[in-house]
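Quick look at structure-v7.json (JSON, C-alpha atoms):
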```json
[["chain", "number", "residue", "atom", "x", "y", "z"],
["A", 1, "MET", "CA", 100.32, 78.74, 181.95],
["A", 2, "LEU", "CA", 103.19, 79.08, 179.50],
["A", 3, "LEU", "CA", 104.02, 75.73, 177.96],
["A", 4, "PHE", "CA", 107.70, 75.36, 177.33],
["A", 5, "ASN", "CA", 110.44, 72.80, 176.89],
["A", 6, "TYR", "CA", 112.48, 73.80, 179.93],
["A", 7, "THR", "CA", 115.03, 71.07, 179.18],
["A", 8, "THR", "CA", 116.60, 73.43, 176.63],
["A", 9, "PHE", "CA", 116.42, 76.31, 179.11],
["A", 10, "ASP", "CA", 119.50, 78.06, 180.47],
["A", 11, "GLU", "CA", 119.99, 76.17, 183.76],
["A", 12, "THR", "CA", 120.97, 79.38, 185.54],
["A", 13, "LYS", "CA", 117.34, 80.44, 185.09],
["A", 14, "ALA", "CA", 116.05, 77.30, 186.80],
["A", 15, "GLU", "CA", 115.86, 76.42, 190.45],
["A", 16, "PHE", "CA", 116.59, 72.74, 191.06],
["A", 17, "VAL", "CA", 114.41, 71.10, 193.70],
["A", 18, "GLU", "CA", 115.25, 67.79, 195.39],
["A", 19, "ILE", "CA", 112.46, 65.32, 194.81],
["A", 20, "ALA", "CA", 113.44, 61.83, 195.98],
["A", 21, "PRO", "CA", 116.30, 59.33, 196.14],
["A", 22, "VAL", "CA", 116.85, 57.41, 192.90],
["A", 23, "SER", "CA", 115.91, 54.24, 194.80],
["A", 24, "GLU", "CA", 112.30, 55.52, 194.91],
["A", 25, "LEU", "CA", 112.05, 55.61, 191.11],
["A", 26, "PRO", "CA", 113.10, 52.22, 189.69],
["A", 27, "ASN", "CA", 113.48, 51.61, 185.96],
["A", 28, "GLY", "CA", 110.14, 51.67, 184.17],
["A", 29, "GLU", "CA", 108.36, 53.50, 186.98],
["A", 30, "ARG", "CA", 106.94, 57.02, 187.33],
["A", 31, "LEU", "CA", 106.58, 59.44, 190.20],
["A", 32, "PHE", "CA", 103.82, 62.05, 190.53],
["A", 33, "ILE", "CA", 104.77, 65.26, 192.31],
["A", 34, "GLU", "CA", 103.56, 68.81, 192.93],
["A", 35, "VAL", "CA", 106.15, 71.59, 192.76],
["A", 36, "SER", "CA", 105.30, 75.31, 192.82],
["A", 37, "ASP", "CA", 101.64, 74.60, 191.97],
["A", 38, "ARG", "CA", 102.70, 72.47, 188.99],
["A", 39, "SER", "CA", 101.58, 68.86, 188.58],
["A", 40, "ILE", "CA", 104.57, 66.97, 187.22],
["A", 41, "VAL", "CA", 105.34, 63.34, 186.48],
["A", 42, "ILE", "CA", 108.91, 62.01, 186.43],
["A", 43, "PHE", "CA", 109.81, 58.86, 184.48],
["A", 44, "ASN", "CA", 112.75, 56.47, 184.68],
["A", 45, "ILE", "CA", 113.22, 54.89, 181.26],
["A", 46, "ALA", "CA", 116.28, 52.62, 181.11],
["A", 47, "GLY", "CA", 118.06, 54.73, 183.71],
["A", 48, "GLN", "CA", 117.27, 58.05, 182.03],
["A", 49, "TYR", "CA", 115.03, 60.49, 183.86],
["A", 50, "PHE", "CA", 112.44, 62.71, 182.21],
["A", 51, "ALA", "CA", 109.83, 65.07, 183.65],
["A", 52, "ILE", "CA", 106.74, 66.54, 182.01],
["A", 53, "GLY", "CA", 103.69, 68.47, 183.13],
["A", 54, "ASP", "CA", 100.88, 66.10, 184.09],
["A", 55, "VAL", "CA", 98.32, 67.78, 181.86],
["A", 56, "CYS", "CA", 97.08, 66.99, 178.37],
["A", 57, "THR", "CA", 96.75, 70.17, 176.32],
["A", 58, "HIS", "CA", 93.79, 68.69, 174.46],
["A", 59, "ASP", "CA", 91.38, 68.75, 177.42],
["A", 60, "ASP", "CA", 93.48, 69.62, 180.50],
["A", 61, "GLY", "CA", 93.13, 66.06, 181.81],
["A", 62, "PRO", "CA", 95.99, 64.18, 183.48],
["A", 63, "VAL", "CA", 98.35, 62.49, 181.03],
["A", 64, "GLY", "CA", 100.82, 60.87, 183.43],
["A", 65, "GLU", "CA", 98.89, 57.60, 183.86],
["A", 66, "GLY", "CA", 99.09, 56.91, 180.13],
["A", 67, "ASN", "CA", 100.97, 54.06, 178.48],
["A", 68, "ILE", "CA", 104.55, 54.64, 177.40],
["A", 69, "GLU", "CA", 105.39, 53.69, 173.81],
["A", 70, "GLY", "CA", 109.07, 54.29, 173.15],
["A", 71, "PHE", "CA", 109.58, 57.86, 174.38],
["A", 72, "ASN", "CA", 105.93, 58.82, 173.86],
["A", 73, "ILE", "CA", 103.22, 58.88, 176.49],
["A", 74, "VAL", "CA", 99.67, 58.19, 175.31],
["A", 75, "CYS", "CA", 96.94, 60.18, 177.04],
["A", 76, "PRO", "CA", 94.51, 57.67, 178.57],
["A", 77, "ARG", "CA", 91.50, 59.83, 177.71],
["A", 78, "HIS", "CA", 91.61, 60.53, 173.97],
["A", 79, "GLY", "CA", 94.89, 59.04, 172.73],
["A", 80, "ALA", "CA", 96.91, 62.21, 172.23],
["A", 81, "GLU", "CA", 100.66, 61.50, 172.39],
["A", 82, "PHE", "CA", 103.56, 63.56, 173.72],
["A", 83, "ASP", "CA", 107.32, 62.99, 173.61],
["A", 84, "ILE", "CA", 108.38, 62.79, 177.27],
["A", 85, "ARG", "CA", 111.86, 64.06, 176.39],
["A", 86, "THR", "CA", 110.60, 67.39, 175.02],
["A", 87, "GLY", "CA", 106.88, 67.64, 175.82],
["A", 88, "LYS", "CA", 106.16, 67.90, 172.09],
["A", 89, "ALA", "CA", 102.66, 66.97, 170.97],
["A", 90, "VAL", "CA", 103.15, 64.23, 168.36],
["A", 91, "GLN", "CA", 99.65, 62.78, 167.91],
["A", 92, "MET", "CA", 96.20, 64.34, 167.54],
["A", 93, "PRO", "CA", 93.94, 65.45, 169.10],
["A", 94, "ALA", "CA", 96.62, 67.43, 170.99],
["A", 95, "VAL", "CA", 98.46, 70.08, 168.99],
["A", 96, "VAL", "CA", 99.97, 72.16, 171.82],
["A", 97, "ASP", "CA", 103.10, 70.92, 173.59],
["A", 98, "ILE", "CA", 103.22, 70.26, 177.34],
["A", 99, "PRO", "CA", 106.01, 71.48, 179.63],
["A", 100, "ALA", "CA", 109.16, 69.35, 179.89],
["A", 101, "TYR", "CA", 111.53, 69.95, 182.79],
["A", 102, "PRO", "CA", 115.25, 69.22, 183.21],
["A", 103, "VAL", "CA", 116.04, 66.34, 185.56],
["A", 104, "ARG", "CA", 119.41, 65.60, 187.12],
["A", 105, "VAL", "CA", 120.76, 63.25, 189.77],
["A", 106, "VAL", "CA", 123.05, 64.75, 192.43],
["A", 107, "ASP", "CA", 124.43, 62.54, 195.21],
["A", 108, "GLY", "CA", 121.78, 59.90, 194.55],
["A", 109, "MET", "CA", 118.91, 62.41, 194.71],
["A", 110, "ILE", "CA", 116.62, 63.18, 191.78],
["A", 111, "GLN", "CA", 116.33, 66.92, 191.19],
["A", 112, "ILE", "CA", 113.98, 68.74, 188.84],
["A", 113, "GLY", "CA", 114.56, 72.20, 187.40],
["A", 114, "ILE", "CA", 111.71, 74.68, 187.84],
["A", 115, "PRO", "CA", 111.94, 78.05, 186.07],
["A", 116, "LYS", "CA", 112.61, 80.94, 188.41],
["A", 117, "GLU", "CA", 109.72, 83.40, 188.49]]
```

Encoding of this model in structure tokens:
Amino acid sequence: MLLFNYTTFDETKAEFVEIAPVSELPNGERLFIEVSDRSIVIFNIAGQYFAIGDVCTHDDGPVGEGNIEGFNIVCPRHGAEFDIRTGKAVQMPAVVDIPAYPVRVVDGMIQIGIPKE
């Protein structure tokens, strides 16, 4: 699996998929989804939406249940940290970034951008 910050990706190369109404993701909450065989977690932080792959690159465990500290998520298994805005690994033991996906709201619906194959 190619790990990539898709938020900086040319949006014409992404296919946006409707996920849920914004009412289903209140401030401070997260939503776990599966899209195109990808495990993804979407966050609402102060009305901003972010989406990352739900996998820690340190041991392939789920990262989405971790605590949020600022814009970092802390892996509940070994404490690796990732920036949820970019997927960047910012704390050992992880050194490889995780995917970050573009999120937009259209007509009250949360949409996530998945790269076209």

- Non-local contacts of stretch 98-110 of chain A (9 Å; all atoms listed in the file; under 6 positions in same chain excluded) as number ranges by chain: A: 2-9, 11, 14, 16-23, 25, 40, 42, 49-57, 82, 84-89

- Query: Quick one: residues within 8 Å of A:Pro93, all atoms listed in the file counted, chain neighbours fewer than 4 positions away excluded, as number ranges by chain?
  - Reply: A: 58, 78-80

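The coordinates place atom CA of A:Gly28 at 9.3 Å from atom CA of A:Ile68.
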
- Task: Could you please determine the separation between atom CA of A:Val74 and atom CA of A:Gln91 in Å, to one decimal place?
- Result: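 Answer for the atom CA of A:Val74 to atom CA of A:Gln91 separation: 8.7 Å.
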
- One decimal, Å: what's the distance from atom CA of A:Pro62 over to atom CA of A:Cys75, could you say?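 Taking atom CA of A:Pro62 as the start and atom CA of A:Cys75 as the end point, the length is 7.6 Å.
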
Only all heavy atoms needed: put stretch 21-35 of chain A from the block into a file as an mmCIF file, in the first residue's frame.
```
data_model
loop_
_atom_site.group_PDB
_atom_site.id
_atom_site.type_symbol
_atom_site.label_atom_id
_atom_site.label_comp_id
_atom_site.auth_asym_id
_atom_site.auth_seq_id
_atom_site.Cartn_x
_atom_site.Cartn_y
_atom_site.Cartn_z
ATOM 1 N N PRO A 21 -23.985 12.434 6.822
ATOM 2 C CA PRO A 21 -24.320 13.835 7.095
ATOM 3 C C PRO A 21 -23.434 14.384 8.214
ATOM 4 O O PRO A 21 -23.022 13.623 9.102
ATOM 5 C CB PRO A 21 -25.783 13.785 7.542
ATOM 6 C CG PRO A 21 -26.224 12.375 7.482
ATOM 7 C CD PRO A 21 -25.056 11.508 7.140
ATOM 8 N N VAL A 22 -23.161 15.683 8.174
ATOM 9 C CA VAL A 22 -22.313 16.284 9.212
ATOM 10 C C VAL A 22 -22.897 16.071 10.610
ATOM 11 O O VAL A 22 -22.149 15.993 11.582
ATOM 12 C CB VAL A 22 -22.066 17.794 8.951
ATOM 13 C CG1 VAL A 22 -21.184 17.994 7.752
ATOM 14 C CG2 VAL A 22 -23.354 18.548 8.807
ATOM 15 N N SER A 23 -24.212 15.919 10.694
ATOM 16 C CA SER A 23 -24.847 15.708 12.003
ATOM 17 C C SER A 23 -24.392 14.400 12.665
ATOM 18 O O SER A 23 -24.508 14.248 13.880
ATOM 19 C CB SER A 23 -26.372 15.705 11.857
ATOM 20 O OG SER A 23 -26.783 14.679 10.968
ATOM 21 N N GLU A 24 -23.860 13.464 11.870
ATOM 22 C CA GLU A 24 -23.398 12.183 12.429
ATOM 23 C C GLU A 24 -21.973 12.252 12.954
ATOM 24 O O GLU A 24 -21.471 11.270 13.495
ATOM 25 C CB GLU A 24 -23.503 11.074 11.374
ATOM 26 C CG GLU A 24 -24.928 10.635 11.127
ATOM 27 C CD GLU A 24 -25.013 9.412 10.224
ATOM 28 O OE1 GLU A 24 -24.031 8.664 10.101
ATOM 29 O OE2 GLU A 24 -26.085 9.220 9.632
ATOM 30 N N LEU A 25 -21.317 13.413 12.779
ATOM 31 C CA LEU A 25 -19.938 13.542 13.256
ATOM 32 C C LEU A 25 -19.792 14.861 14.019
ATOM 33 O O LEU A 25 -19.258 15.836 13.517
ATOM 34 C CB LEU A 25 -18.959 13.472 12.076
ATOM 35 C CG LEU A 25 -17.470 13.412 12.431
ATOM 36 C CD1 LEU A 25 -17.160 12.232 13.343
ATOM 37 C CD2 LEU A 25 -16.628 13.346 11.175
ATOM 38 N N PRO A 26 -20.301 14.889 15.273
ATOM 39 C CA PRO A 26 -20.219 16.119 16.060
ATOM 40 C C PRO A 26 -18.772 16.478 16.409
ATOM 41 O O PRO A 26 -17.875 15.626 16.341
ATOM 42 C CB PRO A 26 -21.011 15.802 17.338
ATOM 43 C CG PRO A 26 -21.550 14.434 17.192
ATOM 44 C CD PRO A 26 -20.953 13.796 15.978
ATOM 45 N N ASN A 27 -18.568 17.724 16.811
ATOM 46 C CA ASN A 27 -17.255 18.207 17.211
ATOM 47 C C ASN A 27 -16.628 17.286 18.258
ATOM 48 O O ASN A 27 -17.283 16.893 19.217
ATOM 49 C CB ASN A 27 -17.387 19.627 17.774
ATOM 50 C CG ASN A 27 -16.037 20.229 18.098
ATOM 51 O OD1 ASN A 27 -15.029 19.906 17.489
ATOM 52 N ND2 ASN A 27 -16.012 21.107 19.075
ATOM 53 N N GLY A 28 -15.373 16.938 18.032
ATOM 54 C CA GLY A 28 -14.646 16.099 18.984
ATOM 55 C C GLY A 28 -14.839 14.613 18.771
ATOM 56 O O GLY A 28 -14.234 13.801 19.466
ATOM 57 N N GLU A 29 -15.664 14.244 17.805
ATOM 58 C CA GLU A 29 -15.933 12.818 17.569
ATOM 59 C C GLU A 29 -15.147 12.312 16.372
ATOM 60 O O GLU A 29 -14.525 13.071 15.636
ATOM 61 C CB GLU A 29 -17.435 12.605 17.334
ATOM 62 C CG GLU A 29 -18.293 12.940 18.536
ATOM 63 C CD GLU A 29 -18.002 12.054 19.735
ATOM 64 O OE1 GLU A 29 -17.884 10.825 19.564
ATOM 65 O OE2 GLU A 29 -17.879 12.606 20.855
ATOM 66 N N ARG A 30 -15.196 10.991 16.174
ATOM 67 C CA ARG A 30 -14.552 10.343 15.030
ATOM 68 C C ARG A 30 -15.463 9.278 14.466
ATOM 69 O O ARG A 30 -16.323 8.760 15.162
ATOM 70 C CB ARG A 30 -13.190 9.780 15.420
ATOM 71 C CG ARG A 30 -13.258 8.724 16.490
ATOM 72 C CD ARG A 30 -11.895 8.387 17.049
ATOM 73 N NE ARG A 30 -11.517 9.357 18.067
ATOM 74 C CZ ARG A 30 -10.367 9.358 18.723
ATOM 75 N NH1 ARG A 30 -9.460 8.455 18.466
ATOM 76 N NH2 ARG A 30 -10.110 10.262 19.634
ATOM 77 N N LEU A 31 -15.265 8.996 13.190
ATOM 78 C CA LEU A 31 -16.111 8.049 12.470
ATOM 79 C C LEU A 31 -15.204 7.070 11.743
ATOM 80 O O LEU A 31 -14.299 7.481 11.011
ATOM 81 C CB LEU A 31 -16.966 8.835 11.475
ATOM 82 C CG LEU A 31 -18.070 8.117 10.715
ATOM 83 C CD1 LEU A 31 -19.140 7.592 11.659
ATOM 84 C CD2 LEU A 31 -18.697 9.085 9.716
ATOM 85 N N PHE A 32 -15.428 5.772 11.962
ATOM 86 C CA PHE A 32 -14.626 4.729 11.314
ATOM 87 C C PHE A 32 -15.369 4.217 10.092
ATOM 88 O O PHE A 32 -16.546 3.862 10.192
ATOM 89 C CB PHE A 32 -14.359 3.579 12.289
ATOM 90 C CG PHE A 32 -13.474 3.968 13.431
ATOM 91 C CD1 PHE A 32 -14.008 4.538 14.578
ATOM 92 C CD2 PHE A 32 -12.106 3.790 13.353
ATOM 93 C CE1 PHE A 32 -13.196 4.920 15.634
ATOM 94 C CE2 PHE A 32 -11.271 4.164 14.405
ATOM 95 C CZ PHE A 32 -11.819 4.727 15.548
ATOM 96 N N ILE A 33 -14.685 4.171 8.955
ATOM 97 C CA ILE A 33 -15.327 3.753 7.716
ATOM 98 C C ILE A 33 -14.398 2.826 6.934
ATOM 99 O O ILE A 33 -13.203 2.745 7.204
ATOM 100 C CB ILE A 33 -15.704 4.970 6.827
ATOM 101 C CG1 ILE A 33 -14.455 5.774 6.458
ATOM 102 C CG2 ILE A 33 -16.742 5.835 7.510
ATOM 103 C CD1 ILE A 33 -14.684 6.805 5.370
ATOM 104 N N GLU A 34 -14.986 2.122 5.973
ATOM 105 C CA GLU A 34 -14.239 1.322 5.002
ATOM 106 C C GLU A 34 -14.612 1.832 3.628
ATOM 107 O O GLU A 34 -15.800 1.886 3.294
ATOM 108 C CB GLU A 34 -14.618 -0.164 5.100
ATOM 109 C CG GLU A 34 -14.141 -0.857 6.348
ATOM 110 C CD GLU A 34 -12.705 -1.337 6.249
ATOM 111 O OE1 GLU A 34 -12.232 -1.599 5.120
ATOM 112 O OE2 GLU A 34 -12.059 -1.451 7.301
ATOM 113 N N VAL A 35 -13.636 2.242 2.835
ATOM 114 C CA VAL A 35 -13.872 2.704 1.475
ATOM 115 C C VAL A 35 -12.820 2.074 0.575
ATOM 116 O O VAL A 35 -11.623 2.200 0.840
ATOM 117 C CB VAL A 35 -13.773 4.246 1.364
ATOM 118 C CG1 VAL A 35 -13.999 4.697 -0.065
ATOM 119 C CG2 VAL A 35 -14.759 4.928 2.296
#
```
